[in-house]
Amino acid sequence: MEKPVLYDYWRSSASYRVRIALNLLGIAYDAVAIDLLAKAHIAEEHRARNPQGLVPALAIDGQMLTQSLAIIEYLDETRPTAGLLAADALGRARVRTLSYAIAMEIHPVCNLSVISDVMQRTGGGDAVRSDWMQTYIRKGLVAFEALLGDGKSGLFCHGDTPTMADLCLVPQVYNAKRWGADISDLPLLNAICDHCAGIEAFAAAHPDRVGPPAK
């Protein structure tokens with residue numbers, strides 16, 4: 001069987017999630033950088049992989065998969081003992097709730113294409129972009145912290161093993177720090193991220209370890 005290929009971008013939150021998942025499951029893969037700044041994601045070659053013109057896209061098991069959470073759930077369903085979703089129905093619902101709170105609430109309004117459109121429409125500069133990012137990332141993570149406060153978290157977002165929720169949280173906290181969003185008053189999520197940082201599967205997926213596309 002051919003080695004999986006991940007088409008991603010080093011700073012893409014969605015790509016970051018999938019890198020962590022592949023690392024956690026011990027799935028070796030080749031990475032192909034899709035340079036978002038050079039608009040490689042909307043080129044015909046990449047749209048043949050993903051008609052949405054987004055990253056990541058994962059070629060695996062003879063298929064081309066898109067959408068990070070769908071990819072992660074596929075990996076969980078096809079790799080025994082993956083454990084990226086909880087074993088019970090209520091647990092899986094909680095993991096999805098936490099994951100969606102980031103991937104479907106915070107991420108879309110902070111997407112590169114959205115903020116570029118906001119800046120174009122408002123004539124805003126870097127200050128507008130930073131304020132937008134700080135506002136919406138903090139707002140979303142404050143709500144995420146409240147969701148963690150139901151007593152069902154442990155070392156990770158759901159219990160004491162990493163799940164899809166952690167794969168969403170860690171990249172979003174990276175973005176928070178990148179854009180200067182103050183989340184220092186959110187102890188639960190910060191403790192989880194600190195714990196994840198000590199795990200090689202998470203550390204190896206960090207943008208600083210992946211690096212920008214070669215010029």
# chains A, B, ... in the order shown; residues from 1 in each chain; ligands from 1
call {"tool": "residues_around", "arguments": {"residues": "A:Asp182", "least_positions_apart": "5", "cutoff": "9 Å", "atoms": "only C-alpha atoms", "output": "PyMOL selection string"}}
result
chain A and resi 134+138+176-177
call {"tool": "closest_atom_pairs", "arguments": {"of": "stretch 88-142 of chain A", "to": "stretch 187-194 of chain A", "cutoff": "12 Å", "atoms": "only C-alpha atoms", "output": "CSV"}}
result
residue,atom,partner,partner_atom,distance
A:Leu98,CA,A:Leu189,CA,11.4
A:Leu141,CA,A:Leu189,CA,8.4
A:Val142,CA,A:Leu189,CA,9.5
call {"tool": "write_last_selection", "arguments": {"atoms": "C-alpha atoms", "output": "CSV table (one decimal), in the first residue's frame"}}
result
chain,number,residue,atom,x,y,z
A,98,LEU,CA,-15.4,20.5,22.3
A,141,LEU,CA,-11.5,30.0,24.1
A,142,VAL,CA,-13.3,31.6,27.1
call {"tool": "atom_distance", "arguments": {"atom1": "atom CA of A:Ala93", "atom2": "atom CA of A:Asp61"}}
result
26.8 Å
call {"tool": "residues_around", "arguments": {"residues": "A:Val128", "least_positions_apart": "3", "cutoff": "12 Å", "atoms": "only C-alpha atoms", "output": "PyMOL selection string"}}
result
chain A and resi 115-125+131-135+179
call {"tool": "closest_atom_pairs", "arguments": {"of": "stretch 76-99 of chain A", "to": "stretch 20-33 of chain A", "cutoff": "9 Å", "atoms": "only C-alpha atoms", "output": "CSV"}}
result
residue,atom,partner,partner_atom,distance
A:Arg79,CA,A:Leu25,CA,8.0
A:Ala82,CA,A:Leu25,CA,6.5
A:Leu84,CA,A:Ala21,CA,8.0
call {"tool": "write_last_selection", "arguments": {"atoms": "N, CA and C atoms", "output": "PDB file, in the first residue's frame"}}
result
ATOM      1  N   ARG A  79      -8.560   2.650  12.357  1.00  0.00           N
ATOM      2  CA  ARG A  79      -7.361   2.203  13.050  1.00  0.00           C
ATOM      3  C   ARG A  79      -7.761   1.728  14.448  1.00  0.00           C
ATOM      4  N   ALA A  82      -7.380   3.461  18.182  1.00  0.00           N
ATOM      5  CA  ALA A  82      -6.955   4.850  17.974  1.00  0.00           C
ATOM      6  C   ALA A  82      -7.368   5.722  19.150  1.00  0.00           C
ATOM      7  N   LEU A  84      -9.305   8.310  19.397  1.00  0.00           N
ATOM      8  CA  LEU A  84      -9.417   9.759  19.199  1.00  0.00           C
ATOM      9  C   LEU A  84     -10.814  10.279  19.505  1.00  0.00           C
TER      10      LEU A  84
END
call {"tool": "closest_residue", "arguments": {"among": "A:Ile60, A:Ala70, A:Ala89, A:Cys196", "to": "A:Asp160", "atoms": "only C-alpha atoms"}}
result
A:Cys196
call {"tool": "atom_distance", "arguments": {"atom1": "atom CA of A:Lys3", "atom2": "atom CA of A:Tyr74"}}
result
16.6 Å
call {"tool": "atom_distance", "arguments": {"atom1": "atom CA of A:Arg17", "atom2": "atom CA of A:Asp166"}}
result
8.7 Å
call {"tool": "closest_residue", "arguments": {"among": "A:Ala101, A:Ile137, A:Val109, A:Ile34", "to": "A:Leu6", "atoms": "only C-alpha atoms"}}
result
A:Ile34
call {"tool": "select_by_dssp", "arguments": {"residues": "stretch 19-201 of chain A", "states": "strand (DSSP E or B)", "output": "JSON, numbers by chain"}}
result
{"A": [30, 31, 32, 33, 57, 58, 59, 60, 63, 64, 65, 66, 153, 159]}
